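Asks: Contents are compact mmCIF, C-alpha atoms; file name coords.txt:
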# COMPACT_ATOMS: atom_id res chain seq x y z
CA MET A 85 133.72 -52.38 106.58
CA LYS A 86 133.94 -48.91 104.99
CA ALA A 87 135.30 -50.45 101.81
CA PHE A 88 132.28 -52.79 101.73
CA HIS A 89 129.90 -49.81 102.08
CA TRP A 90 131.60 -48.02 99.17
CA ILE A 91 131.31 -51.14 96.99
CA LEU A 92 127.61 -51.49 97.88
CA LEU A 93 126.89 -47.84 97.05
CA TYR A 94 128.84 -48.10 93.78
CA CYS A 95 126.85 -51.15 92.67
CA ALA A 96 123.48 -49.69 93.69
CA ALA A 97 124.05 -46.26 92.12
CA PRO A 98 122.94 -47.13 88.55
CA LEU A 99 119.75 -48.74 89.85
CA LEU A 100 118.95 -45.74 92.04
CA SER A 101 119.61 -43.26 89.23
CA ASP A 102 117.32 -45.23 86.91
CA VAL A 103 114.48 -45.09 89.42
CA GLN A 104 115.07 -41.41 90.12
CA ALA A 105 115.33 -40.55 86.43
CA THR A 106 111.94 -41.97 85.55
CA TYR A 107 109.94 -39.53 87.71
CA HIS A 108 111.98 -36.91 89.51
CA LEU A 109 110.08 -36.09 92.72
CA MET A 110 111.33 -34.37 95.85
CA ALA A 111 109.44 -34.28 99.12
CA GLY A 112 107.89 -30.91 99.83
CA ASP A 113 108.27 -29.57 96.28
CA PRO A 114 104.70 -28.63 95.28
CA GLU A 115 105.49 -28.00 91.61
CA LEU A 116 107.05 -31.39 91.13
CA MET A 117 104.31 -33.08 93.11
CA ALA A 118 101.76 -31.45 90.80
CA ALA A 119 103.67 -32.83 87.85
CA GLN A 120 103.33 -36.43 88.90
CA SER A 121 102.01 -38.63 86.15
CA TYR A 122 98.55 -40.12 86.39
CA ALA A 123 100.14 -43.53 86.91
CA GLN A 124 101.78 -42.29 90.11
CA THR A 125 98.74 -40.62 91.61
CA ARG A 126 95.93 -42.99 90.68
CA ASN A 127 96.20 -44.83 94.01
CA ASN A 128 96.68 -41.75 96.19
CA GLY A 129 93.09 -41.49 97.33
CA ARG A 130 91.49 -40.20 94.11
CA PRO A 131 89.62 -42.75 91.98
CA PRO A 132 91.25 -43.11 88.56
CA LEU A 133 89.57 -41.92 85.40
CA ARG A 134 90.47 -45.18 83.66
CA THR A 135 91.44 -48.42 85.35
CA LEU A 136 93.13 -51.01 83.19
CA ASN A 137 93.46 -54.66 84.06
CA PRO A 138 95.26 -56.28 81.10
CA ALA A 139 93.89 -59.69 81.99
CA LYS A 140 90.33 -58.41 81.69
CA THR A 141 90.34 -55.45 79.31
CA ASP A 142 92.81 -56.23 76.54
CA SER A 143 89.95 -57.25 74.26
CA GLN A 144 87.95 -54.15 75.18
CA CYS A 145 90.75 -51.58 75.41
CA ARG A 146 91.49 -49.90 72.12
CA SER A 147 93.18 -46.71 71.10
CA ARG A 148 90.63 -43.94 70.76
CA SER A 149 90.29 -42.40 67.32
CA LEU A 150 92.30 -39.20 67.58
CA ASP A 151 93.57 -36.26 65.61
CA LEU A 152 96.98 -36.35 67.33
CA VAL A 153 99.69 -33.71 66.89
CA PHE A 154 103.13 -34.08 68.47
CA ILE A 155 104.84 -30.73 69.17
CA ILE A 156 108.54 -31.44 69.71
CA ASP A 157 111.32 -29.17 70.94
CA SER A 158 114.52 -29.46 68.89
CA SER A 159 116.37 -26.44 70.24
CA ARG A 160 120.11 -26.35 70.79
CA SER A 161 119.79 -27.77 74.31
CA VAL A 162 118.52 -31.03 72.81
CA ARG A 163 121.60 -32.92 71.64
CA ARG A 164 121.36 -34.98 68.47
CA GLY A 165 121.47 -38.26 70.37
CA GLU A 166 118.69 -37.01 72.66
CA PHE A 167 116.61 -35.91 69.68
CA GLU A 168 116.94 -39.41 68.24
CA LYS A 169 115.44 -40.74 71.49
CA VAL A 170 112.49 -38.37 71.05
CA LYS A 171 111.97 -39.80 67.54
CA ILE A 172 112.10 -43.33 68.97
CA PHE A 173 109.46 -42.27 71.52
CA LEU A 174 107.24 -40.95 68.70
CA ALA A 175 107.69 -44.16 66.69
CA ASN A 176 106.84 -46.27 69.74
CA MET A 177 103.75 -44.14 70.32
CA VAL A 178 102.65 -44.75 66.73
CA ASP A 179 102.98 -48.50 67.34
CA THR A 180 100.48 -48.28 70.22
CA LEU A 181 97.85 -46.47 68.12
CA GLU A 182 95.25 -47.69 65.66
CA VAL A 183 96.39 -45.62 62.71
CA GLY A 184 94.20 -45.01 59.67
CA SER A 185 92.06 -42.49 57.82
CA ASP A 186 89.06 -43.62 59.90
CA ALA A 187 91.10 -44.22 63.09
CA THR A 188 93.94 -42.10 64.52
CA ARG A 189 95.66 -39.54 62.33
CA VAL A 190 99.08 -38.18 63.32
CA ALA A 191 100.98 -34.95 62.57
CA VAL A 192 104.29 -33.57 63.87
CA VAL A 193 105.21 -29.94 64.50
CA ASN A 194 108.93 -29.35 65.10
CA TYR A 195 110.14 -26.15 66.75
CA ALA A 196 113.07 -24.16 68.05
CA SER A 197 113.31 -20.40 67.30
CA THR A 198 111.31 -21.21 64.16
CA VAL A 199 108.48 -23.70 63.64
CA LYS A 200 108.24 -26.37 60.97
CA THR A 201 105.22 -28.59 60.35
CA GLU A 202 106.93 -31.85 59.41
CA PHE A 203 103.79 -33.56 58.13
CA LEU A 204 100.03 -33.13 58.43
CA LEU A 205 97.16 -35.28 59.65
CA LYS A 206 96.15 -36.02 56.05
CA ASP A 207 99.58 -37.17 54.88
CA TYR A 208 100.08 -40.70 56.25
CA PHE A 209 97.56 -43.38 57.21
CA SER A 210 99.85 -46.36 57.92
CA LYS A 211 102.26 -46.99 60.78
CA LEU A 212 105.12 -47.78 58.41
CA ASP A 213 104.76 -44.51 56.48
CA LEU A 214 104.46 -42.52 59.71
CA LYS A 215 107.59 -44.05 61.20
CA LYS A 216 109.54 -43.43 57.99
CA ALA A 217 108.45 -39.78 58.08
CA ILE A 218 109.45 -39.49 61.74
CA SER A 219 112.90 -40.96 61.00
CA ARG A 220 113.51 -38.15 58.48
CA ILE A 221 112.90 -35.31 60.98
CA GLU A 222 115.96 -33.14 61.68
CA PRO A 223 116.53 -30.79 64.66
CA LEU A 224 116.15 -27.06 64.05
CA ALA A 225 118.80 -25.90 66.62
CA THR A 226 118.48 -22.52 68.37
CA GLY A 227 115.64 -21.03 70.44
CA THR A 228 112.56 -22.35 72.26
CA MET A 229 109.44 -20.68 70.85
CA THR A 230 106.92 -23.02 72.43
CA GLY A 231 104.00 -20.59 72.25
CA LEU A 232 104.56 -20.05 68.54
CA ALA A 233 104.68 -23.82 68.03
CA ILE A 234 101.32 -24.29 69.79
CA LYS A 235 99.78 -21.48 67.73
CA THR A 236 101.12 -23.04 64.52
CA ALA A 237 99.70 -26.42 65.49
CA VAL A 238 96.26 -24.89 66.07
CA ASN A 239 96.26 -22.77 62.88
CA GLU A 240 97.90 -25.26 60.53
CA ALA A 241 97.85 -28.84 61.85
CA PHE A 242 94.41 -28.97 63.49
CA THR A 243 92.47 -27.57 60.52
CA GLU A 244 90.10 -29.56 58.32
CA GLN A 245 92.19 -28.56 55.28
CA SER A 246 95.15 -30.32 56.91
CA GLY A 247 93.20 -33.49 57.68
CA ALA A 248 91.51 -32.83 61.02
CA ARG A 249 88.02 -34.29 61.19
CA PRO A 250 85.07 -31.86 61.59
CA ARG A 251 83.64 -31.28 65.04
CA SER A 252 80.48 -33.18 64.08
CA ARG A 253 82.54 -36.39 63.88
CA ASN A 254 83.28 -36.15 67.62
CA ILE A 255 86.95 -37.13 67.14
CA SER A 256 89.21 -36.15 70.06
CA LYS A 257 91.92 -33.61 69.24
CA VAL A 258 95.11 -34.16 71.25
CA ALA A 259 98.46 -32.34 71.35
CA ILE A 260 101.50 -33.83 73.09
CA ILE A 261 104.27 -31.28 73.74
CA VAL A 262 107.80 -32.54 74.47
CA THR A 263 110.29 -29.93 75.72
CA ASP A 264 113.40 -29.69 77.88
CA GLY A 265 113.60 -25.94 78.35
CA ARG A 266 111.88 -22.73 79.37
CA PRO A 267 109.77 -21.12 76.63
CA GLN A 268 111.13 -17.87 75.24
CA ASP A 269 107.64 -16.63 74.46
CA GLN A 270 104.26 -16.59 76.17
CA VAL A 271 102.42 -19.91 76.39
CA GLU A 272 99.53 -19.26 78.77
CA GLU A 273 97.11 -17.43 76.44
CA VAL A 274 97.84 -19.47 73.33
CA SER A 275 97.45 -22.72 75.30
CA ALA A 276 94.17 -21.52 76.82
CA SER A 277 92.94 -20.63 73.33
CA ALA A 278 93.87 -24.09 72.05
CA ARG A 279 92.10 -25.80 74.93
CA GLY A 280 89.08 -23.57 74.32
CA LYS A 281 88.91 -24.96 70.79
CA GLY A 282 88.63 -28.48 72.16
CA ILE A 283 92.30 -29.51 71.97
CA GLU A 284 93.46 -31.65 74.89
CA ILE A 285 97.09 -30.82 75.72
CA TYR A 286 99.65 -33.11 77.38
CA ALA A 287 102.96 -31.56 78.42
CA VAL A 288 106.08 -33.72 78.76
CA GLY A 289 109.02 -32.05 80.48
CA VAL A 290 112.57 -33.39 80.29
CA ASP A 291 115.58 -32.47 82.42
CA ARG A 292 115.63 -28.64 82.71
CA ALA A 293 112.02 -28.14 81.61
CA ASP A 294 110.22 -25.34 83.41
CA MET A 295 107.51 -26.95 85.50
CA ARG A 296 105.36 -23.82 85.74
CA SER A 297 105.26 -23.54 81.94
CA LEU A 298 104.25 -27.20 81.62
CA GLN A 299 101.36 -26.57 83.98
CA LEU A 300 100.26 -23.45 82.06
CA MET A 301 100.19 -25.40 78.80
CA ALA A 302 98.53 -28.62 79.93
CA SER A 303 94.86 -29.44 80.22
CA THR A 304 93.32 -30.16 83.60
CA PRO A 305 93.52 -32.12 85.80
CA LEU A 306 97.27 -31.47 85.76
CA GLU A 307 98.12 -34.79 87.38
CA ASP A 308 96.71 -36.50 84.27
CA HIS A 309 98.32 -34.19 81.71
CA VAL A 310 101.77 -33.19 82.98
CA PHE A 311 104.62 -35.70 82.82
CA TYR A 312 108.26 -35.27 83.78
CA VAL A 313 111.34 -37.38 83.13
CA GLU A 314 114.85 -36.47 84.19
CA THR A 315 116.62 -37.56 81.00
CA TYR A 316 115.78 -38.33 77.39
CA GLY A 317 117.20 -41.77 78.08
CA VAL A 318 113.99 -42.81 79.83
CA ILE A 319 111.40 -40.90 77.79
CA GLU A 320 110.47 -44.15 76.03
CA LYS A 321 109.08 -45.40 79.33
CA LEU A 322 106.23 -42.91 78.95
CA THR A 323 104.88 -44.87 75.98
CA SER A 324 103.00 -47.34 78.18
CA LYS A 325 101.64 -44.51 80.32
CA PHE A 326 100.28 -42.72 77.26
CA ARG A 327 98.84 -45.97 75.95
CA GLU A 328 96.85 -46.22 79.17
CA THR A 329 95.87 -42.55 79.06
CA LEU A 330 94.74 -42.67 75.44
CA CYS A 331 93.07 -46.04 75.76
CA GLY A 332 89.35 -46.16 75.19
CA VAL A 333 86.83 -48.89 75.86
CA ASP A 334 85.55 -50.82 72.84
CA PRO A 335 81.75 -50.51 73.31
CA CYS A 336 80.88 -53.02 70.56
CA SER A 337 82.89 -55.77 72.22
CA MET A 338 81.02 -55.15 75.48
CA GLY A 339 77.64 -55.97 73.93
CA HIS A 340 75.28 -54.15 71.57
CA ASP A 341 71.77 -54.29 70.09
CA CYS A 342 72.74 -53.96 66.43
CA LYS A 343 71.10 -56.52 64.16
CA HIS A 344 73.89 -56.43 61.56
CA ILE A 345 77.00 -54.26 62.15
CA CYS A 346 78.20 -52.39 65.25
CA VAL A 347 80.53 -49.41 64.69
CA ASN A 348 82.55 -47.89 67.56
CA SER A 349 82.33 -44.12 67.95
CA ASN A 350 84.63 -43.09 70.81
CA ALA A 351 82.80 -44.03 74.02
CA SER A 352 79.62 -45.05 72.21
CA TYR A 353 78.56 -46.94 69.09
CA TYR A 354 76.06 -46.85 66.25
CA CYS A 355 74.53 -49.51 64.01
CA LYS A 356 74.86 -50.11 60.28
CA CYS A 357 73.22 -52.59 57.94
CA ARG A 358 74.66 -54.94 55.39
CA LYS A 359 74.41 -54.11 51.70
CA GLY A 360 70.88 -54.36 50.41
CA TYR A 361 69.32 -53.46 53.78
CA ILE A 362 68.26 -50.18 55.39
CA LEU A 363 68.34 -49.16 59.06
CA ASN A 364 64.92 -48.99 60.67
CA ALA A 365 63.62 -46.11 62.78
CA ASP A 366 64.81 -47.84 65.97
CA LYS A 367 68.42 -47.40 64.68
CA LYS A 368 69.16 -51.02 65.57
CA THR A 369 67.29 -53.40 63.26
CA CYS A 370 67.46 -53.68 59.47
CA SER A 371 64.93 -54.33 56.72
CA LEU A 372 65.39 -55.49 53.16
CA LYS A 373 65.60 -52.49 50.88
CA GLN A 374 62.48 -52.13 48.72
CA VAL A 375 63.35 -51.87 45.04
CA LYS A 376 60.77 -49.97 43.00
CA VAL A 377 60.60 -51.31 39.46
CA GLU A 378 59.16 -49.05 36.75
CA VAL A 379 57.95 -50.75 33.59
CA VAL A 380 58.48 -48.53 30.59
CA GLU A 381 56.60 -49.48 27.47
CA ASP A 382 58.57 -49.53 24.27
CA PRO A 383 56.78 -47.03 22.05
CA CYS A 384 57.77 -49.05 19.01
CA LYS A 385 56.06 -52.10 20.45
CA CYS A 386 52.93 -50.06 21.18
CA GLU A 387 52.75 -48.74 17.61
CA ALA A 388 53.21 -52.25 16.20
CA ARG A 389 50.44 -53.55 18.44
CA LEU A 390 48.07 -50.78 17.34
CA ALA A 391 48.84 -51.44 13.68
CA PHE A 392 48.21 -55.16 14.18
CA GLN A 393 44.90 -54.40 15.94
CA LYS A 394 43.81 -52.16 13.08
CA GLN A 395 44.74 -54.77 10.49
CA THR A 396 42.89 -57.44 12.43
CA GLN A 397 39.78 -55.28 12.77
CA ALA A 398 39.87 -54.49 9.06
CA ALA A 399 40.19 -58.18 8.17
CA ILE A 400 37.29 -59.04 10.48
CA GLN A 401 35.17 -56.32 8.93
CA GLN A 402 35.97 -57.63 5.43
CA LEU A 403 35.09 -61.17 6.43
CA THR A 404 31.88 -59.98 8.04
CA ALA A 405 30.94 -58.05 4.94
CA LYS A 406 31.61 -61.09 2.72
CA HIS A 407 29.62 -63.28 5.08
CA ILE A 408 26.68 -60.89 4.88
CA GLN A 409 26.88 -60.83 1.07
CA ILE A 410 26.91 -64.62 0.93
CA GLU A 411 23.87 -64.84 3.23
CA ARG A 412 21.97 -62.35 1.05
CA LEU A 413 22.90 -64.26 -2.10
CA GLU A 414 21.75 -67.53 -0.58
CA ASN A 415 18.47 -65.94 0.47
CA THR A 416 17.91 -64.61 -3.03
CA VAL A 417 18.61 -67.99 -4.65
CA GLY A 418 16.26 -69.70 -2.19
CA ARG A 419 13.36 -67.48 -3.08
CA ALA A 420 13.86 -68.09 -6.79
Represent the structure from my file as structure tokens, please.

Replies:
Amino acid sequence: MKAFHWILLYCAAPLLSDVQATYHLMAGDPELMAAQSYAQTRNNGRPPLRTLNPAKTDSQCRSRSLDLVFIIDSSRSVRRGEFEKVKIFLANMVDTLEVGSDATRVAVVNYASTVKTEFLLKDYFSKLDLKKAISRIEPLATGTMTGLAIKTAVNEAFTEQSGARPRSRNISKVAIIVTDGRPQDQVEEVSASARGKGIEIYAVGVDRADMRSLQLMASTPLEDHVFYVETYGVIEKLTSKFRETLCGVDPCSMGHDCKHICVNSNASYYCKCRKGYILNADKKTCSLKQVKVEVVEDPCKCEARLAFQKQTQAAIQQLTAKHIQIERLENTVGRA
């Protein structure tokens, strides 16, 4: 019987480790409980911010337009094979997004003891080009200067010169930090400053990641913005969770009052008109554009007309004079 128990435990071990590796939670550990993903807590008594039913919302659920910057840890603790899994995670994330100059733009900031901006928001506007750029990223090795990486992302990647859209466009700015260690610099103030500038921060911790640091970096509520996986081997499983988190409703597909064209704008929409029409004051209907035609007289034609008129008048005057002379002559002959 004991031998049977050992065989059962041996066979079940891989399955149990897989389940445990996805979200490492221990009863009574408040820090880890706070780090639960949104997917874990959405049914724990608090109504979810977004509820997705694929059968009903696939046609309405679309990736929000984002200025998205990945901030990835490539310090010595991240082995090359593990770093490759991070790159696969980034590529999978790109596949879930609507990428384009007028949709989601993506940048990557790579860090260890130094920070390197791999590419900017203005560099690539197709999924293929983005994934090729991601495949070329190399780890930087020593150190974990997470605070410096966040500061670099704010000062270099999230600027309009680097491709970030202006605030007036109302495009969400999102940073996703992936790290497996404890920062060697301060992250609280720089993260608060980034959030104060409108950047929404998600913190993904792997293996030995410091949970307190993740919480200091992430936006609130923490249960929606802090994720934890036990190994890089399962980080890809977060792709679907981020797809749900970053999913936005497609307002145009839910019905609109636009006469011609409906354009999504995050959680709202606005109307446009087809070529040759202008939007009316109600911002919904369209009217045919009035074309003002100016008739410009050809000065040459005017001069020619005047000359002709003068010649005609002169000819008439000559004929009139001759006619008068003839009448006088006839009168004179008649009297004789």

Asks: Have a look at CA of Thr329 (chain A) and CA of Ala278 (chain A) and let me know their distance in Å, one decimal.

Replies: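 Atom-to-atom, CA of Thr329 (chain A) to CA of Ala278 (chain A), that is 19.8 Å.
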
Asks: Counting only C-alpha atoms, figure out which residue out of A:Ile155, A:Arg253, A:Ile172, A:Arg160 gets nearest to Ile234 (chain A).

Replies: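 Looking at the shortest contact to Ile234 (chain A), the residue is A:Ile155.
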
Asks: Would you please work out which residue, of A:Arg220, A:Lys321, A:Lys200, A:His407, is nearest to Glu168 (chain A) when using all atoms listed in the file?

Replies: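 Once distances to Glu168 (chain A) are computed over all atoms listed in the file, the minimum belongs to A:Arg220.
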
Asks: Hey, can you check how far CA of Asp157 (chain A) sits from CA of Val192 (chain A)?

Replies: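 Result for CA of Asp157 (chain A) versus CA of Val192 (chain A): 10.9 Å, one decimal.
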
Asks: Let me know the centre plus edge lengths, in Å and rounded to one decimal, of a box with edges along x, y and z that contains all listed atoms of region 353-356 of chain A and is padded by 5 Å on every side, as lines of an AutoDock Vina configuration file.

Replies:
center_x = 76.5
center_y = -48.5
center_z = 64.7
size_x = 14.0
size_y = 13.3
size_z = 18.8

Asks: For the atom pair CA of Ser277 (chain A) and CA of Thr263 (chain A), what is the interatomic distance in Å to one decimal place?

Replies: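 Separating CA of Ser277 (chain A) from CA of Thr263 (chain A) is a distance of 19.8 Å.
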
Asks: Of the candidates A:Tyr361, A:Phe173, A:Tyr208, A:Tyr286, which shows the shortest atom-to-atom distance to Ile319 (chain A), using only C-alpha atoms?

Replies: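 That would be A:Phe173, the residue with the smallest distance to Ile319 (chain A).
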
Asks: Determine the nearest neighbour of Glu328 (chain A) from the options A:Ser159, A:Ser149, A:Thr180, A:Asn415, counting all atoms listed in the file.

Replies: A:Thr180
